[in-house]
Amino acid sequence: ALDENAGQYFSTIAGYVTFEDQRLSVNDCYTVDQHVDMAIGNINFVSDVLVKGDVLPDFSIQAGRNIDIYGSVSGAMLQAEKDIRLQRGILGQRKSIVKASGQFSTKFANETTIEVRGNVEIFTEALNSDVGSLKQIRGKQAVFIGGRIASVEEMHLGTLGSELGIRTEVFLGQDFSLLRRTDEIRKTLLEMEDLIEGRLEGLTPQVKHWQTDHL
């Protein structure tokens with residue numbers, strides 16, 4: 001929109017400004033036609049983000065709306081205020097965290113932490129991943145092995161666990177954020193126990209024995 005009195009242009013949508021062929025426009029989708037790597041860097045955009053290539057390790061994408069990725073994701077961080085859709089999948093390398101206020105869908109997830117307020121849909125497999133949803137987890141044809149799966153409302157899973165004895169935990173009706181908080185408290189308690197034991201090691205045997213009896 002043009003304010004003729006002030007000689008200024010105002011956009012009615014959030015996005016980035018381009019000026020091509022003597023035409024001023026605002027695009028509400030930030031499109032990356034290549035891989036997200038050192039040439040692109042981390043992305044933080046107010047609206048939609050579309051990546052047509054891969055997202056390489058240690059990079060992050062934050063979007064004010066949706067994230068769509070046509071390639072694969074490896075060891076990267078993704079966060080969206082709405083939906084995240086991965087056409088291929090994500091190899092988390094035990095450092096990827098995916099957070100979405102809307103829905104999340106992917107072909108596969110490996111060693112990834114997924115925290116979604118909406119539904120989660122996994123088409124083939126989730127291996128050694130923590131998958132949390134405040135609504136439903138859908139994967140009728142998928143294999144879920146290792147990690148933790150937490151859903152507040154429903155789960156529709158294909159294969160759960162493995163005959164090889166890989167630990168797979170399932171929590172139905174449980175908020176994943178509470179599980180994370182429980183982990184943090186447990187870690188703090190273990191650190192306090194180690195600290196107490198370390199200090200007791202420096203005490204004389206008599207005092208150490210008295211302290212142990214009175215803990």
# chains A, B, ... in the order shown; residues from 1 in each chain; ligands from 1
>>> select_by_dssp(residues="chain A", states="strand (DSSP E)", output="number ranges by chain")
A: 2-3, 8-9, 16-20, 23-27, 29-32, 43-45, 48-51, 60-63, 67-69, 73-74, 77-80, 84-86, 89-100, 104-116, 120-127, 130-133, 136-145, 147-151, 154-160, 168-172
>>> residues_around(residues="region 150-159 of chain A", least_positions_apart="2", cutoff="7 Å", atoms="only C-alpha atoms", output="VMD selection string")
chain A and resid 131 to 144 148 161 170 to 176
>>> write_last_selection(atoms="N, CA, C and O atoms", output="PDB file, in the first residue's frame")
ATOM      1  N   VAL A 131       9.751 -38.809  20.819  1.00  0.00           N
ATOM      2  CA  VAL A 131       8.661 -38.226  20.033  1.00  0.00           C
ATOM      3  C   VAL A 131       7.538 -37.839  20.982  1.00  0.00           C
ATOM      4  O   VAL A 131       6.958 -38.698  21.650  1.00  0.00           O
ATOM      5  N   GLY A 132       7.225 -36.544  21.044  1.00  0.00           N
ATOM      6  CA  GLY A 132       6.184 -36.065  21.947  1.00  0.00           C
ATOM      7  C   GLY A 132       5.153 -35.221  21.234  1.00  0.00           C
ATOM      8  O   GLY A 132       5.475 -34.376  20.403  1.00  0.00           O
ATOM      9  N   SER A 133       3.885 -35.474  21.556  1.00  0.00           N
ATOM     10  CA  SER A 133       2.779 -34.718  20.953  1.00  0.00           C
ATOM     11  C   SER A 133       1.719 -34.437  22.014  1.00  0.00           C
ATOM     12  O   SER A 133       1.402 -35.311  22.830  1.00  0.00           O
ATOM     13  N   LEU A 134       1.171 -33.243  21.985  1.00  0.00           N
ATOM     14  CA  LEU A 134       0.052 -32.922  22.876  1.00  0.00           C
ATOM     15  C   LEU A 134      -1.271 -33.402  22.300  1.00  0.00           C
ATOM     16  O   LEU A 134      -2.304 -33.263  22.949  1.00  0.00           O
ATOM     17  N   LYS A 135      -1.224 -33.989  21.108  1.00  0.00           N
ATOM     18  CA  LYS A 135      -2.431 -34.555  20.508  1.00  0.00           C
ATOM     19  C   LYS A 135      -2.195 -36.019  20.133  1.00  0.00           C
ATOM     20  O   LYS A 135      -2.156 -36.877  20.996  1.00  0.00           O
ATOM     21  N   GLN A 136      -2.016 -36.315  18.836  1.00  0.00           N
ATOM     22  CA  GLN A 136      -1.900 -37.703  18.395  1.00  0.00           C
ATOM     23  C   GLN A 136      -0.554 -37.975  17.725  1.00  0.00           C
ATOM     24  O   GLN A 136       0.040 -37.088  17.122  1.00  0.00           O
ATOM     25  N   ILE A 137      -0.106 -39.220  17.840  1.00  0.00           N
ATOM     26  CA  ILE A 137       1.048 -39.695  17.088  1.00  0.00           C
ATOM     27  C   ILE A 137       0.545 -40.758  16.126  1.00  0.00           C
ATOM     28  O   ILE A 137      -0.036 -41.763  16.542  1.00  0.00           O
ATOM     29  N   ARG A 138       0.776 -40.530  14.839  1.00  0.00           N
ATOM     30  CA  ARG A 138       0.264 -41.426  13.811  1.00  0.00           C
ATOM     31  C   ARG A 138       1.421 -42.065  13.048  1.00  0.00           C
ATOM     32  O   ARG A 138       2.292 -41.371  12.546  1.00  0.00           O
ATOM     33  N   GLY A 139       1.392 -43.372  12.985  1.00  0.00           N
ATOM     34  CA  GLY A 139       2.418 -44.097  12.251  1.00  0.00           C
ATOM     35  C   GLY A 139       1.992 -45.540  12.067  1.00  0.00           C
ATOM     36  O   GLY A 139       2.692 -46.465  12.470  1.00  0.00           O
ATOM     37  N   LYS A 140       0.841 -45.750  11.446  1.00  0.00           N
ATOM     38  CA  LYS A 140       0.270 -47.090  11.321  1.00  0.00           C
ATOM     39  C   LYS A 140       1.159 -48.035  10.532  1.00  0.00           C
ATOM     40  O   LYS A 140       1.128 -49.245  10.742  1.00  0.00           O
ATOM     41  N   GLN A 141       1.953 -47.499   9.612  1.00  0.00           N
ATOM     42  CA  GLN A 141       2.856 -48.318   8.810  1.00  0.00           C
ATOM     43  C   GLN A 141       4.311 -48.183   9.266  1.00  0.00           C
ATOM     44  O   GLN A 141       5.208 -48.739   8.634  1.00  0.00           O
ATOM     45  N   ALA A 142       4.538 -47.473  10.346  1.00  0.00           N
ATOM     46  CA  ALA A 142       5.896 -47.148  10.771  1.00  0.00           C
ATOM     47  C   ALA A 142       6.383 -48.070  11.883  1.00  0.00           C
ATOM     48  O   ALA A 142       5.602 -48.691  12.601  1.00  0.00           O
ATOM     49  N   VAL A 143       7.709 -48.119  12.016  1.00  0.00           N
ATOM     50  CA  VAL A 143       8.375 -48.882  13.070  1.00  0.00           C
ATOM     51  C   VAL A 143       8.939 -47.889  14.089  1.00  0.00           C
ATOM     52  O   VAL A 143       9.625 -46.939  13.717  1.00  0.00           O
ATOM     53  N   PHE A 144       8.647 -48.131  15.359  1.00  0.00           N
ATOM     54  CA  PHE A 144       9.150 -47.285  16.435  1.00  0.00           C
ATOM     55  C   PHE A 144      10.041 -48.132  17.335  1.00  0.00           C
ATOM     56  O   PHE A 144       9.557 -49.022  18.043  1.00  0.00           O
ATOM     57  N   ARG A 148      11.706 -42.647  23.456  1.00  0.00           N
ATOM     58  CA  ARG A 148      10.453 -42.503  24.194  1.00  0.00           C
ATOM     59  C   ARG A 148       9.382 -41.907  23.290  1.00  0.00           C
ATOM     60  O   ARG A 148       9.655 -41.015  22.488  1.00  0.00           O
ATOM     61  N   GLY A 161       8.873 -51.356  19.385  1.00  0.00           N
ATOM     62  CA  GLY A 161       9.913 -52.115  20.052  1.00  0.00           C
ATOM     63  C   GLY A 161      10.615 -53.095  19.124  1.00  0.00           C
ATOM     64  O   GLY A 161      10.322 -53.189  17.934  1.00  0.00           O
ATOM     65  N   VAL A 170       6.838 -45.985  26.243  1.00  0.00           N
ATOM     66  CA  VAL A 170       5.609 -45.401  25.704  1.00  0.00           C
ATOM     67  C   VAL A 170       4.815 -44.774  26.839  1.00  0.00           C
ATOM     68  O   VAL A 170       4.594 -45.403  27.879  1.00  0.00           O
ATOM     69  N   PHE A 171       4.368 -43.533  26.633  1.00  0.00           N
ATOM     70  CA  PHE A 171       3.594 -42.810  27.633  1.00  0.00           C
ATOM     71  C   PHE A 171       2.331 -42.270  26.963  1.00  0.00           C
ATOM     72  O   PHE A 171       2.403 -41.359  26.136  1.00  0.00           O
ATOM     73  N   LEU A 172       1.190 -42.811  27.319  1.00  0.00           N
ATOM     74  CA  LEU A 172      -0.080 -42.348  26.768  1.00  0.00           C
ATOM     75  C   LEU A 172      -0.793 -41.494  27.815  1.00  0.00           C
ATOM     76  O   LEU A 172      -0.907 -41.878  28.981  1.00  0.00           O
ATOM     77  N   GLY A 173      -1.266 -40.318  27.366  1.00  0.00           N
ATOM     78  CA  GLY A 173      -1.888 -39.390  28.293  1.00  0.00           C
ATOM     79  C   GLY A 173      -0.874 -38.572  29.077  1.00  0.00           C
ATOM     80  O   GLY A 173      -1.215 -37.997  30.108  1.00  0.00           O
ATOM     81  N   GLN A 174       0.359 -38.515  28.595  1.00  0.00           N
ATOM     82  CA  GLN A 174       1.445 -37.844  29.307  1.00  0.00           C
ATOM     83  C   GLN A 174       2.000 -36.683  28.482  1.00  0.00           C
ATOM     84  O   GLN A 174       2.304 -36.842  27.305  1.00  0.00           O
ATOM     85  N   ASP A 175       2.140 -35.524  29.110  1.00  0.00           N
ATOM     86  CA  ASP A 175       2.741 -34.352  28.477  1.00  0.00           C
ATOM     87  C   ASP A 175       4.253 -34.550  28.431  1.00  0.00           C
ATOM     88  O   ASP A 175       4.894 -34.779  29.459  1.00  0.00           O
ATOM     89  N   PHE A 176       4.842 -34.447  27.235  1.00  0.00           N
ATOM     90  CA  PHE A 176       6.278 -34.683  27.080  1.00  0.00           C
ATOM     91  C   PHE A 176       7.121 -33.671  27.850  1.00  0.00           C
ATOM     92  O   PHE A 176       8.235 -33.977  28.262  1.00  0.00           O
TER      93      PHE A 176
END
>>> atom_distance(atom1="CA of Asp48 (chain A)", atom2="CA of Val36 (chain A)")
15.3 Å
>>> select_by_dssp(residues="chain A", states="alpha helix (DSSP H)", output="PyMOL selection string")
chain A and resi 176-201+205-214
>>> write_last_selection(atoms="N, CA and C atoms", output="tab-separated table (two decimals), in the first residue's frame")
chain	number	residue	atom	x	y	z
A	176	PHE	N	4.84	-34.45	27.23
A	176	PHE	CA	6.28	-34.68	27.08
A	176	PHE	C	7.12	-33.67	27.85
A	177	SER	N	6.59	-32.46	28.05
A	177	SER	CA	7.36	-31.45	28.80
A	177	SER	C	7.53	-31.87	30.25
A	178	LEU	N	6.56	-32.60	30.80
A	178	LEU	CA	6.70	-33.10	32.16
A	178	LEU	C	7.77	-34.18	32.24
A	179	LEU	N	7.87	-35.01	31.20
A	179	LEU	CA	8.92	-36.01	31.15
A	179	LEU	C	10.29	-35.36	31.14
A	180	ARG	N	10.42	-34.31	30.35
A	180	ARG	CA	11.69	-33.59	30.28
A	180	ARG	C	12.04	-32.97	31.63
A	181	ARG	N	11.04	-32.41	32.30
A	181	ARG	CA	11.27	-31.81	33.62
A	181	ARG	C	11.68	-32.88	34.63
A	182	THR	N	11.07	-34.06	34.55
A	182	THR	CA	11.45	-35.17	35.43
A	182	THR	C	12.89	-35.56	35.21
A	183	ASP	N	13.32	-35.61	33.94
A	183	ASP	CA	14.71	-35.93	33.62
A	183	ASP	C	15.66	-34.90	34.24
A	184	GLU	N	15.28	-33.64	34.14
A	184	GLU	CA	16.13	-32.58	34.68
A	184	GLU	C	16.27	-32.71	36.20
A	185	ILE	N	15.16	-33.02	36.87
A	185	ILE	CA	15.20	-33.17	38.33
A	185	ILE	C	16.05	-34.38	38.71
A	186	ARG	N	15.88	-35.49	37.97
A	186	ARG	CA	16.67	-36.69	38.25
A	186	ARG	C	18.17	-36.42	38.04
A	187	LYS	N	18.51	-35.68	37.00
A	187	LYS	CA	19.90	-35.35	36.74
A	187	LYS	C	20.48	-34.50	37.86
A	188	THR	N	19.68	-33.53	38.35
A	188	THR	CA	20.14	-32.66	39.44
A	188	THR	C	20.37	-33.46	40.71
A	189	LEU	N	19.48	-34.40	41.01
A	189	LEU	CA	19.63	-35.22	42.20
A	189	LEU	C	20.90	-36.08	42.13
A	190	LEU	N	21.16	-36.64	40.95
A	190	LEU	CA	22.37	-37.44	40.78
A	190	LEU	C	23.63	-36.60	40.96
A	191	GLU	N	23.60	-35.39	40.45
A	191	GLU	CA	24.75	-34.50	40.61
A	191	GLU	C	24.96	-34.13	42.07
A	192	MET	N	23.87	-33.93	42.81
A	192	MET	CA	23.97	-33.61	44.24
A	192	MET	C	24.53	-34.81	45.01
A	193	GLU	N	24.09	-36.02	44.65
A	193	GLU	CA	24.60	-37.22	45.31
A	193	GLU	C	26.10	-37.37	45.08
A	194	ASP	N	26.53	-37.14	43.85
A	194	ASP	CA	27.96	-37.22	43.54
A	194	ASP	C	28.76	-36.18	44.32
A	195	LEU	N	28.18	-34.98	44.45
A	195	LEU	CA	28.86	-33.92	45.19
A	195	LEU	C	29.00	-34.28	46.66
A	196	ILE	N	27.93	-34.83	47.25
A	196	ILE	CA	27.97	-35.22	48.66
A	196	ILE	C	28.98	-36.34	48.89
A	197	GLU	N	28.96	-37.34	47.99
A	197	GLU	CA	29.90	-38.45	48.13
A	197	GLU	C	31.35	-37.97	47.99
A	198	GLY	N	31.56	-37.03	47.09
A	198	GLY	CA	32.91	-36.50	46.92
A	198	GLY	C	33.40	-35.78	48.15
A	199	ARG	N	32.51	-35.02	48.79
A	199	ARG	CA	32.92	-34.31	50.01
A	199	ARG	C	33.13	-35.26	51.17
A	200	LEU	N	32.33	-36.32	51.23
A	200	LEU	CA	32.49	-37.29	52.30
A	200	LEU	C	33.82	-38.03	52.19
A	201	GLU	N	34.30	-38.18	50.94
A	201	GLU	CA	35.57	-38.88	50.75
A	201	GLU	C	36.71	-38.14	51.42
A	205	PRO	N	37.49	-40.99	58.66
A	205	PRO	CA	36.57	-42.14	58.73
A	205	PRO	C	35.50	-41.98	59.80
A	206	GLN	N	35.86	-41.37	60.96
A	206	GLN	CA	34.88	-41.24	62.02
A	206	GLN	C	33.76	-40.28	61.63
A	207	VAL	N	34.15	-39.14	61.12
A	207	VAL	CA	33.15	-38.15	60.71
A	207	VAL	C	32.33	-38.68	59.55
A	208	LYS	N	32.98	-39.34	58.58
A	208	LYS	CA	32.28	-39.91	57.44
A	208	LYS	C	31.22	-40.90	57.89
A	209	HIS	N	31.57	-41.75	58.87
A	209	HIS	CA	30.61	-42.73	59.38
A	209	HIS	C	29.43	-42.03	60.05
A	210	TRP	N	29.69	-40.95	60.82
A	210	TRP	CA	28.61	-40.23	61.47
A	210	TRP	C	27.71	-39.57	60.44
A	211	GLN	N	28.30	-38.94	59.41
A	211	GLN	CA	27.51	-38.27	58.38
A	211	GLN	C	26.62	-39.28	57.66
A	212	THR	N	27.17	-40.44	57.33
A	212	THR	CA	26.40	-41.44	56.60
A	212	THR	C	25.20	-41.91	57.40
A	213	ASP	N	25.37	-42.08	58.69
A	213	ASP	CA	24.27	-42.54	59.55
A	213	ASP	C	23.17	-41.52	59.69
A	214	HIS	N	23.53	-40.23	59.50
A	214	HIS	CA	22.54	-39.18	59.76
A	214	HIS	C	21.99	-38.54	58.49
>>> residues_around(residues="Thr168 (chain A)", least_positions_apart="4", cutoff="10 Å", atoms="only C-alpha atoms", output="ChimeraX atom specification")
/A:127-130,144-149,160-162
>>> write_last_selection(atoms="all heavy atoms", output="compact mmCIF listing (two decimals), in the first residue's frame")
# COMPACT_ATOMS: atom_id res chain seq x y z
N LEU A 127 13.66 -44.19 14.97
CA LEU A 127 14.68 -44.99 15.63
C LEU A 127 15.41 -44.15 16.68
O LEU A 127 15.91 -43.07 16.37
CB LEU A 127 15.68 -45.54 14.62
CG LEU A 127 15.10 -46.36 13.46
CD1 LEU A 127 16.22 -46.82 12.54
CD2 LEU A 127 14.31 -47.56 13.99
N ASN A 128 15.43 -44.66 17.91
CA ASN A 128 16.15 -44.00 19.00
C ASN A 128 15.82 -42.52 19.10
O ASN A 128 16.70 -41.67 19.29
CB ASN A 128 17.66 -44.19 18.83
CG ASN A 128 18.06 -45.65 18.86
OD1 ASN A 128 17.59 -46.42 19.70
ND2 ASN A 128 18.93 -46.05 17.94
N SER A 129 14.54 -42.21 18.96
CA SER A 129 14.09 -40.82 18.99
C SER A 129 13.06 -40.62 20.11
O SER A 129 12.31 -41.53 20.44
CB SER A 129 13.45 -40.43 17.65
OG SER A 129 14.41 -40.45 16.60
N ASP A 130 13.05 -39.42 20.67
CA ASP A 130 12.02 -39.02 21.63
C ASP A 130 10.96 -38.25 20.87
O ASP A 130 11.23 -37.18 20.32
CB ASP A 130 12.61 -38.15 22.73
CG ASP A 130 13.54 -38.94 23.64
OD1 ASP A 130 13.44 -40.17 23.67
OD2 ASP A 130 14.36 -38.31 24.33
N PHE A 144 8.65 -48.13 15.36
CA PHE A 144 9.15 -47.28 16.44
C PHE A 144 10.04 -48.13 17.34
O PHE A 144 9.56 -49.02 18.04
CB PHE A 144 8.00 -46.69 17.25
CG PHE A 144 7.14 -45.72 16.49
CD1 PHE A 144 6.17 -46.16 15.60
CD2 PHE A 144 7.31 -44.34 16.66
CE1 PHE A 144 5.37 -45.27 14.90
CE2 PHE A 144 6.52 -43.44 15.96
CZ PHE A 144 5.55 -43.91 15.07
N ILE A 145 11.34 -47.87 17.30
CA ILE A 145 12.31 -48.66 18.06
C ILE A 145 13.24 -47.71 18.81
O ILE A 145 13.84 -46.82 18.22
CB ILE A 145 13.13 -49.59 17.16
CG1 ILE A 145 12.23 -50.58 16.43
CG2 ILE A 145 14.18 -50.33 17.99
CD1 ILE A 145 12.96 -51.46 15.45
N GLY A 146 13.35 -47.90 20.12
CA GLY A 146 14.22 -47.07 20.94
C GLY A 146 13.61 -45.73 21.26
O GLY A 146 12.64 -45.28 20.64
N GLY A 147 14.14 -45.08 22.28
CA GLY A 147 13.67 -43.76 22.66
C GLY A 147 12.36 -43.80 23.42
O GLY A 147 11.93 -44.83 23.95
N ARG A 148 11.71 -42.65 23.46
CA ARG A 148 10.45 -42.50 24.19
C ARG A 148 9.38 -41.91 23.29
O ARG A 148 9.65 -41.01 22.49
CB ARG A 148 10.65 -41.63 25.43
CG ARG A 148 11.62 -42.24 26.44
CD ARG A 148 11.67 -41.45 27.72
NE ARG A 148 12.13 -40.09 27.52
CZ ARG A 148 12.32 -39.22 28.51
NH1 ARG A 148 12.08 -39.57 29.74
NH2 ARG A 148 12.76 -38.01 28.25
N ILE A 149 8.17 -42.38 23.48
CA ILE A 149 7.03 -41.91 22.69
C ILE A 149 5.95 -41.46 23.66
O ILE A 149 5.48 -42.26 24.48
CB ILE A 149 6.50 -43.02 21.77
CG1 ILE A 149 7.63 -43.57 20.91
CG2 ILE A 149 5.38 -42.50 20.88
CD1 ILE A 149 7.28 -44.87 20.23
N LEU A 160 6.07 -51.64 17.39
CA LEU A 160 6.61 -50.97 18.55
C LEU A 160 7.65 -51.87 19.22
O LEU A 160 7.37 -53.01 19.58
CB LEU A 160 5.50 -50.64 19.55
CG LEU A 160 5.90 -49.90 20.82
CD1 LEU A 160 6.50 -48.55 20.49
CD2 LEU A 160 4.69 -49.74 21.73
N GLY A 161 8.87 -51.36 19.39
CA GLY A 161 9.91 -52.11 20.05
C GLY A 161 10.62 -53.09 19.12
O GLY A 161 10.32 -53.19 17.93
N SER A 162 11.56 -53.84 19.72
CA SER A 162 12.37 -54.77 18.94
C SER A 162 12.67 -56.02 19.76
O SER A 162 12.79 -55.96 20.99
CB SER A 162 13.68 -54.10 18.51
OG SER A 162 14.60 -55.04 17.99
>>> closest_residue(among="A:Arg85, A:Tyr9, A:Ala80, A:Gly75", to="Asn44 (chain A)", atoms="only C-alpha atoms")
A:Ala80
>>> atom_distance(atom1="CA of Ala100 (chain A)", atom2="CA of Gln34 (chain A)")
23.3 Å
>>> atom_distance(atom1="CA of Gln87 (chain A)", atom2="CA of Gly64 (chain A)")
19.9 Å
>>> closest_residue(among="A:Val51, A:Ala14, A:Ser60, A:Ile122", to="Val32 (chain A)", atoms="only C-alpha atoms")
A:Val51
>>> residues_around(residues="region 102-109 of chain A", least_positions_apart="6", cutoff="8 Å", atoms="only C-alpha atoms", output="list of chain:residue names")
A:Ala80, A:Glu81, A:Lys82, A:Asp83, A:Ile84, A:Arg85, A:Leu86, A:Gln87, A:Arg88, A:Gly89, A:Ile90, A:Leu91, A:Gly92, A:Val116, A:Arg117, A:Gly118, A:Asn119, A:Val120, A:Glu121, A:Ile122, A:Phe123, A:Thr124, A:Glu125, A:Ala126, A:Leu127, A:Ser129
>>> residues_around(residues="Ser47 (chain A)", least_positions_apart="6", cutoff="6 Å", atoms="only C-alpha atoms", output="compact mmCIF listing (two decimals) with all heavy atoms, in the first residue's frame")
# COMPACT_ATOMS: atom_id res chain seq x y z
N ASP A 28 6.02 -13.55 1.26
CA ASP A 28 5.81 -14.09 2.61
C ASP A 28 6.37 -15.50 2.76
O ASP A 28 6.12 -16.16 3.77
CB ASP A 28 4.33 -14.07 2.98
CG ASP A 28 3.48 -14.94 2.07
OD1 ASP A 28 4.01 -15.43 1.06
OD2 ASP A 28 2.30 -15.12 2.38
N ALA A 63 10.92 -20.35 11.98
CA ALA A 63 9.92 -19.74 11.10
C ALA A 63 8.72 -19.27 11.92
O ALA A 63 8.28 -19.96 12.84
CB ALA A 63 9.47 -20.74 10.03
N GLY A 64 8.21 -18.11 11.53
CA GLY A 64 7.01 -17.58 12.19
C GLY A 64 5.75 -18.29 11.76
O GLY A 64 4.71 -18.15 12.40
N ARG A 65 5.86 -19.09 10.68
CA ARG A 65 4.71 -19.89 10.25
C ARG A 65 5.17 -21.32 9.99
O ARG A 65 5.50 -22.04 10.92
CB ARG A 65 4.05 -19.26 9.01
CG ARG A 65 3.38 -17.91 9.29
CD ARG A 65 2.69 -17.35 8.07
NE ARG A 65 1.65 -18.25 7.57
CZ ARG A 65 0.99 -18.06 6.43
NH1 ARG A 65 1.28 -17.02 5.66
NH2 ARG A 65 0.04 -18.90 6.05
